[in-house]
file run35.cif (mmCIF, C-alpha atoms)
data_start
#
loop_
_atom_site.label_atom_id
_atom_site.label_comp_id
_atom_site.auth_asym_id
_atom_site.auth_seq_id
_atom_site.Cartn_x
_atom_site.Cartn_y
_atom_site.Cartn_z
CA MET V 1 -31.83 12.78 -9.23
CA GLY V 2 -31.98 15.88 -11.43
CA GLU V 3 -33.78 19.16 -10.91
CA PRO V 4 -36.44 19.27 -8.19
CA LYS V 5 -40.01 19.04 -9.39
CA VAL V 6 -42.26 22.03 -8.68
CA GLY V 7 -45.82 23.11 -9.47
CA ASP V 8 -47.74 20.99 -11.95
CA GLU V 9 -44.73 18.74 -12.51
CA PHE V 10 -44.68 17.92 -8.80
CA ILE V 11 -48.42 17.21 -8.75
CA THR V 12 -48.03 14.83 -11.71
CA HIS V 13 -45.10 13.15 -9.94
CA GLU V 14 -47.15 12.69 -6.76
CA TYR V 15 -50.02 11.13 -8.70
CA ASP V 16 -47.62 8.89 -10.64
CA GLU V 17 -46.03 7.70 -7.41
CA ALA V 18 -49.38 7.18 -5.68
CA ILE V 19 -50.70 5.17 -8.64
CA ALA V 20 -47.53 3.05 -8.90
CA VAL V 21 -47.43 2.32 -5.17
CA GLN V 22 -51.16 1.57 -5.08
CA GLN V 23 -50.70 -0.85 -7.99
CA CYS V 24 -47.97 -2.58 -6.00
CA ILE V 25 -50.30 -2.85 -2.99
CA VAL V 26 -53.11 -4.31 -5.10
CA GLU V 27 -50.78 -6.87 -6.69
CA ALA V 28 -49.39 -7.94 -3.30
CA GLU V 29 -52.85 -8.17 -1.76
CA THR V 30 -54.08 -10.18 -4.73
CA THR V 31 -51.40 -12.79 -4.04
CA LEU V 32 -51.57 -12.74 -0.24
CA SER V 33 -55.38 -12.84 -0.18
CA THR V 34 -55.19 -16.37 -1.59
CA LYS V 35 -51.80 -17.63 -0.38
CA HIS V 36 -51.36 -16.26 3.16
CA PRO V 37 -51.27 -19.21 5.60
CA VAL V 38 -53.24 -17.44 8.34
CA ALA V 39 -56.97 -17.44 7.60
CA SER V 40 -57.73 -14.25 9.55
CA SER V 41 -54.87 -12.42 7.81
CA LYS V 42 -56.06 -13.71 4.47
CA ASN V 43 -59.55 -12.34 5.21
CA ALA V 44 -58.18 -8.97 6.36
CA ILE V 45 -56.10 -8.70 3.19
CA LYS V 46 -59.11 -9.62 1.04
CA ALA V 47 -61.13 -6.84 2.69
CA ALA V 48 -58.32 -4.33 2.14
CA LEU V 49 -57.92 -5.48 -1.48
CA THR V 50 -61.49 -4.55 -2.38
CA GLU V 51 -61.01 -0.99 -1.12
CA ASP V 52 -57.50 -0.70 -2.54
CA GLN V 53 -58.68 -1.70 -6.01
CA ASP V 54 -61.31 1.05 -5.82
CA PHE V 55 -58.71 3.57 -4.67
CA LEU V 56 -56.40 2.56 -7.52
CA LYS V 57 -59.14 3.27 -10.05
CA GLN V 58 -59.87 6.58 -8.35
CA LEU V 59 -56.19 7.61 -8.34
CA LYS V 60 -55.93 6.83 -12.05
CA THR V 61 -59.04 8.91 -12.76
CA LEU V 62 -57.87 11.85 -10.63
CA GLY V 63 -54.34 11.69 -12.03
CA LYS V 64 -55.33 11.51 -15.69
CA PRO V 65 -56.00 15.27 -16.12
CA HIS V 66 -52.49 15.87 -14.74
CA GLY V 67 -50.89 13.43 -17.19
CA ALA V 68 -50.21 10.86 -14.50
CA THR V 69 -50.15 7.23 -15.61
CA GLY V 70 -48.40 5.50 -12.72
CA LYS V 71 -44.87 6.07 -14.00
CA ILE V 72 -42.52 4.18 -11.72
CA GLU V 73 -39.75 6.31 -10.24
CA ASP V 74 -37.19 5.63 -7.52
CA VAL V 75 -39.36 5.21 -4.42
CA ALA V 76 -42.06 3.19 -6.13
CA GLU V 77 -39.44 1.05 -7.90
CA GLY V 78 -37.72 0.23 -4.63
CA LEU V 79 -40.98 -0.71 -2.92
CA LYS V 80 -42.16 -2.73 -5.90
CA SER V 81 -38.89 -4.63 -6.18
CA LEU V 82 -38.83 -5.46 -2.48
CA MET V 83 -42.47 -6.58 -2.49
CA GLU V 84 -41.97 -8.77 -5.56
CA GLU V 85 -38.84 -10.34 -4.06
CA VAL V 86 -40.43 -11.26 -0.73
CA LEU V 87 -43.62 -12.49 -2.38
CA GLU V 88 -41.59 -14.69 -4.72
CA THR V 89 -39.73 -16.21 -1.78
CA ALA V 90 -42.91 -16.71 0.23
CA THR V 91 -44.88 -18.34 -2.57
CA THR V 92 -41.94 -20.46 -3.71
CA GLU V 93 -40.59 -21.59 -0.35
CA GLY V 94 -43.78 -21.28 1.67
CA ALA V 95 -42.16 -20.85 5.09
CA ASP V 96 -44.08 -18.93 7.72
CA SER V 97 -41.14 -16.56 8.18
CA ASP V 98 -41.29 -15.73 4.46
CA TYR V 99 -45.03 -15.02 4.57
CA TYR V 100 -44.47 -13.00 7.74
CA GLU V 101 -41.91 -10.89 5.87
CA ALA V 102 -44.24 -10.41 2.89
CA HIS V 103 -47.04 -9.37 5.26
CA ALA V 104 -44.66 -6.90 6.97
CA VAL V 105 -43.53 -5.39 3.67
CA LEU V 106 -47.15 -4.98 2.54
CA LEU V 107 -47.95 -3.23 5.82
CA ASN V 108 -45.02 -0.85 5.40
CA ILE V 109 -46.00 0.00 1.83
CA LYS V 110 -49.55 0.70 2.95
CA ARG V 111 -48.19 2.96 5.72
CA LYS V 112 -46.12 4.83 3.13
CA GLN V 113 -49.27 5.24 1.06
CA MET V 114 -51.15 6.48 4.13
CA ASP V 115 -48.47 9.17 4.57
CA SER V 116 -48.77 10.08 0.89
CA ALA V 117 -52.50 10.56 1.33
CA GLY V 118 -51.71 13.32 3.80
CA GLY V 119 -49.58 15.04 1.19
CA MET V 120 -52.31 14.70 -1.40
CA LEU V 121 -54.80 16.16 1.07
CA GLU V 122 -52.59 19.22 1.57
CA ILE V 123 -52.15 19.58 -2.21
CA ALA V 124 -55.94 19.42 -2.55
CA ARG V 125 -56.38 22.15 0.04
CA ALA V 126 -53.69 24.35 -1.55
CA THR V 127 -55.14 23.94 -5.05
CA LYS V 128 -58.77 24.05 -3.84
CA ASP V 129 -59.44 20.67 -5.47
CA THR V 130 -62.54 19.46 -3.62
CA GLU V 131 -62.70 16.13 -5.44
CA LEU V 132 -59.11 15.31 -4.49
CA LYS V 133 -59.73 16.52 -0.93
CA SER V 134 -62.67 14.15 -0.54
CA ALA V 135 -60.78 11.24 -2.11
CA ALA V 136 -57.60 11.82 -0.09
CA THR V 137 -59.57 12.03 3.16
CA ALA V 138 -61.38 8.74 2.47
CA PHE V 139 -58.16 7.12 1.28
CA ALA V 140 -56.19 8.15 4.39
CA LYS V 141 -58.95 6.90 6.68
CA SER V 142 -59.19 3.56 4.89
CA GLN V 143 -55.41 3.05 4.86
CA LYS V 144 -55.20 3.87 8.57
CA THR V 145 -57.91 1.34 9.39
CA SER V 146 -56.47 -1.45 7.22
CA CYS V 147 -52.95 -0.76 8.52
CA ARG V 148 -54.16 -1.16 12.09
CA VAL V 149 -55.87 -4.47 11.24
CA LEU V 150 -52.87 -5.78 9.31
CA ALA V 151 -50.50 -4.71 12.11
CA ASP V 152 -52.58 -6.61 14.65
CA GLU V 153 -52.62 -9.66 12.39
CA LEU V 154 -48.84 -9.41 11.92
CA ALA V 155 -48.27 -9.26 15.68
CA GLY V 156 -50.41 -12.36 16.21
CA TYR V 157 -48.56 -14.15 13.42
CA ALA V 158 -45.23 -13.29 15.05
CA ALA V 159 -46.39 -14.81 18.32
CA LYS V 160 -47.55 -17.99 16.56
CA ILE V 161 -44.23 -18.37 14.76
CA ALA V 162 -42.21 -17.60 17.90
CA THR V 163 -44.08 -20.15 20.02
CA GLY V 164 -44.06 -22.86 17.40
CA SER V 165 -47.81 -22.86 16.99
CA SER V 166 -47.34 -22.17 13.31
CA PRO V 167 -50.59 -21.46 11.45
CA SER V 168 -49.30 -23.41 8.45
CA ALA V 169 -49.24 -26.54 10.59
CA ALA V 170 -52.85 -26.02 11.61
#
call {"tool": "encode", "arguments": {"input": "run35.cif", "output": "structure tokens"}}
result
Amino acid sequence: MGEPKVGDEFITHEYDEAIAVQQCIVEAETTLSTKHPVASSKNAIKAALTEDQDFLKQLKTLGKPHGATGKIEDVAEGLKSLMEEVLETATTEGADSDYYEAHAVLLNIKRKQMDSAGGMLEIARATKDTELKSAATAFAKSQKTSCRVLADELAGYAAKIATGSSPSAA
């Protein structure tokens, strides 16, 4: 793992990770917004995608002065690999359980990003960065809302799969 990052190096690392994870979210939502077998989930993911694309652009803009480019390190690499693997299985095999898993992984990555927004908010407060504070506050609120919607959709999908009223058969 190497020496711990501190100061400006840590801030750059946090931006890099946020950008890389947000890119992963946008890529997953891009796929699931057209391929998800549940129409209401597809619509919820499309709505989240629009905001998440905007947040990705904003993260890149805010991170640029710190030298952040979205460098993929351990955490982001693990999330990206897992998301790509489950999406590949879902889009290749097309089973509801595979789409359910992809939906669940997306939700977990968004929750991780929501937690990161809290860290970015505290960094903004500590460094008196009002632009970052405003962005992190809006980002956290948006992630919380979309996570709640996606969690509700995932729960409904689980019930449909469990009872055999598979949305793919509809």
call {"tool": "residues_around", "arguments": {"input": "run35.cif", "residues": "Thr69 (chain V)", "least_positions_apart": "3", "cutoff": "7 Å", "atoms": "only C-alpha atoms", "output": "PDB file with C-alpha atoms, in the frame of the given file"}}
result
ATOM      1  CA  ASP V  16     -47.620   8.890 -10.640  1.00  0.00           C
ATOM      2  CA  LYS V  60     -55.930   6.830 -12.050  1.00  0.00           C
ATOM      3  CA  LYS V  64     -55.330  11.510 -15.690  1.00  0.00           C
TER       4      LYS V  64
END
call {"tool": "atom_distance", "arguments": {"input": "run35.cif", "atom1": "CA of Ala136 (chain V)", "atom2": "CA of Ser41 (chain V)"}}
result
25.6 Å
call {"tool": "resolve_selection", "arguments": {"input": "run35.cif", "expression": "the PyMOL selection byres ((chain V and resi 102) around 9)", "output": "mmCIF file with C-alpha atoms, in the coordinates of the input"}}
result
data_model
loop_
_atom_site.group_PDB
_atom_site.id
_atom_site.type_symbol
_atom_site.label_atom_id
_atom_site.label_comp_id
_atom_site.auth_asym_id
_atom_site.auth_seq_id
_atom_site.Cartn_x
_atom_site.Cartn_y
_atom_site.Cartn_z
ATOM 1 C CA ALA V 28 -49.390 -7.940 -3.300
ATOM 2 C CA LEU V 32 -51.570 -12.740 -0.240
ATOM 3 C CA MET V 83 -42.470 -6.580 -2.490
ATOM 4 C CA GLU V 84 -41.970 -8.770 -5.560
ATOM 5 C CA GLU V 85 -38.840 -10.340 -4.060
ATOM 6 C CA VAL V 86 -40.430 -11.260 -0.730
ATOM 7 C CA LEU V 87 -43.620 -12.490 -2.380
ATOM 8 C CA THR V 89 -39.730 -16.210 -1.780
ATOM 9 C CA ALA V 90 -42.910 -16.710 0.230
ATOM 10 C CA SER V 97 -41.140 -16.560 8.180
ATOM 11 C CA ASP V 98 -41.290 -15.730 4.460
ATOM 12 C CA TYR V 99 -45.030 -15.020 4.570
ATOM 13 C CA TYR V 100 -44.470 -13.000 7.740
ATOM 14 C CA GLU V 101 -41.910 -10.890 5.870
ATOM 15 C CA HIS V 103 -47.040 -9.370 5.260
ATOM 16 C CA ALA V 104 -44.660 -6.900 6.970
ATOM 17 C CA VAL V 105 -43.530 -5.390 3.670
ATOM 18 C CA LEU V 106 -47.150 -4.980 2.540
ATOM 19 C CA LEU V 107 -47.950 -3.230 5.820
#
call {"tool": "closest_residue", "arguments": {"input": "run35.cif", "among": "V:Met114, V:Leu121, V:Ala158, V:Cys147", "to": "Ala44 (chain V)", "atoms": "all atoms listed in the file"}}
result
V:Cys147
call {"tool": "closest_residue", "arguments": {"input": "run35.cif", "among": "V:Ala162, V:Val149, V:Ala117, V:Leu154", "to": "Val38 (chain V)", "atoms": "all atoms listed in the file"}}
result
V:Leu154
call {"tool": "resolve_selection", "arguments": {"input": "run35.cif", "expression": "the PyMOL selection byres ((chain V and resi 133) around 12)", "output": "JSON, numbers by chain"}}
result
{"V": [62, 117, 118, 119, 120, 121, 122, 123, 124, 125, 126, 127, 128, 129, 130, 131, 132, 134, 135, 136, 137, 138, 139, 140]}
call {"tool": "build_atoms", "arguments": {"input": "run35.cif", "residues": "region 150-166 of chain V", "atoms": "N, CA and C atoms", "output": "mmCIF file, in the coordinates of the input"}}
result
data_model
loop_
_atom_site.group_PDB
_atom_site.id
_atom_site.type_symbol
_atom_site.label_atom_id
_atom_site.label_comp_id
_atom_site.auth_asym_id
_atom_site.auth_seq_id
_atom_site.Cartn_x
_atom_site.Cartn_y
_atom_site.Cartn_z
ATOM 1 N N LEU V 150 -53.996 -4.964 9.775
ATOM 2 C CA LEU V 150 -52.870 -5.780 9.310
ATOM 3 C C LEU V 150 -51.737 -5.817 10.329
ATOM 4 N N ALA V 151 -51.526 -4.727 11.065
ATOM 5 C CA ALA V 151 -50.500 -4.710 12.110
ATOM 6 C C ALA V 151 -50.869 -5.675 13.239
ATOM 7 N N ASP V 152 -52.133 -5.674 13.619
ATOM 8 C CA ASP V 152 -52.580 -6.610 14.650
ATOM 9 C C ASP V 152 -52.425 -8.053 14.190
ATOM 10 N N GLU V 153 -52.780 -8.309 12.955
ATOM 11 C CA GLU V 153 -52.620 -9.660 12.390
ATOM 12 C C GLU V 153 -51.143 -10.065 12.360
ATOM 13 N N LEU V 154 -50.276 -9.130 11.996
ATOM 14 C CA LEU V 154 -48.840 -9.410 11.920
ATOM 15 C C LEU V 154 -48.287 -9.738 13.305
ATOM 16 N N ALA V 155 -48.722 -9.001 14.310
ATOM 17 C CA ALA V 155 -48.270 -9.260 15.680
ATOM 18 C C ALA V 155 -48.704 -10.655 16.140
ATOM 19 N N GLY V 156 -49.940 -11.021 15.847
ATOM 20 C CA GLY V 156 -50.410 -12.360 16.210
ATOM 21 C C GLY V 156 -49.653 -13.446 15.475
ATOM 22 N N TYR V 157 -49.336 -13.194 14.221
ATOM 23 C CA TYR V 157 -48.560 -14.150 13.420
ATOM 24 C C TYR V 157 -47.165 -14.322 14.007
ATOM 25 N N ALA V 158 -46.560 -13.218 14.433
ATOM 26 C CA ALA V 158 -45.230 -13.290 15.050
ATOM 27 C C ALA V 158 -45.258 -14.173 16.283
ATOM 28 N N ALA V 159 -46.281 -14.010 17.100
ATOM 29 C CA ALA V 159 -46.390 -14.810 18.320
ATOM 30 C C ALA V 159 -46.557 -16.289 17.991
ATOM 31 N N LYS V 160 -47.344 -16.589 16.956
ATOM 32 C CA LYS V 160 -47.550 -17.990 16.560
ATOM 33 C C LYS V 160 -46.246 -18.614 16.056
ATOM 34 N N ILE V 161 -45.499 -17.860 15.273
ATOM 35 C CA ILE V 161 -44.230 -18.370 14.760
ATOM 36 C C ILE V 161 -43.239 -18.555 15.909
ATOM 37 N N ALA V 162 -43.167 -17.563 16.783
ATOM 38 C CA ALA V 162 -42.210 -17.600 17.900
ATOM 39 C C ALA V 162 -42.467 -18.722 18.875
ATOM 40 N N THR V 163 -43.747 -19.107 19.046
ATOM 41 C CA THR V 163 -44.080 -20.150 20.020
ATOM 42 C C THR V 163 -44.198 -21.525 19.381
ATOM 43 N N GLY V 164 -43.983 -21.567 18.073
ATOM 44 C CA GLY V 164 -44.060 -22.860 17.400
ATOM 45 C C GLY V 164 -45.463 -23.314 17.093
ATOM 46 N N SER V 165 -46.442 -22.481 17.337
ATOM 47 C CA SER V 165 -47.810 -22.860 16.990
ATOM 48 C C SER V 165 -48.130 -22.287 15.610
ATOM 49 N N SER V 166 -47.288 -22.669 14.678
ATOM 50 C CA SER V 166 -47.340 -22.170 13.310
ATOM 51 C C SER V 166 -48.705 -22.388 12.674
#
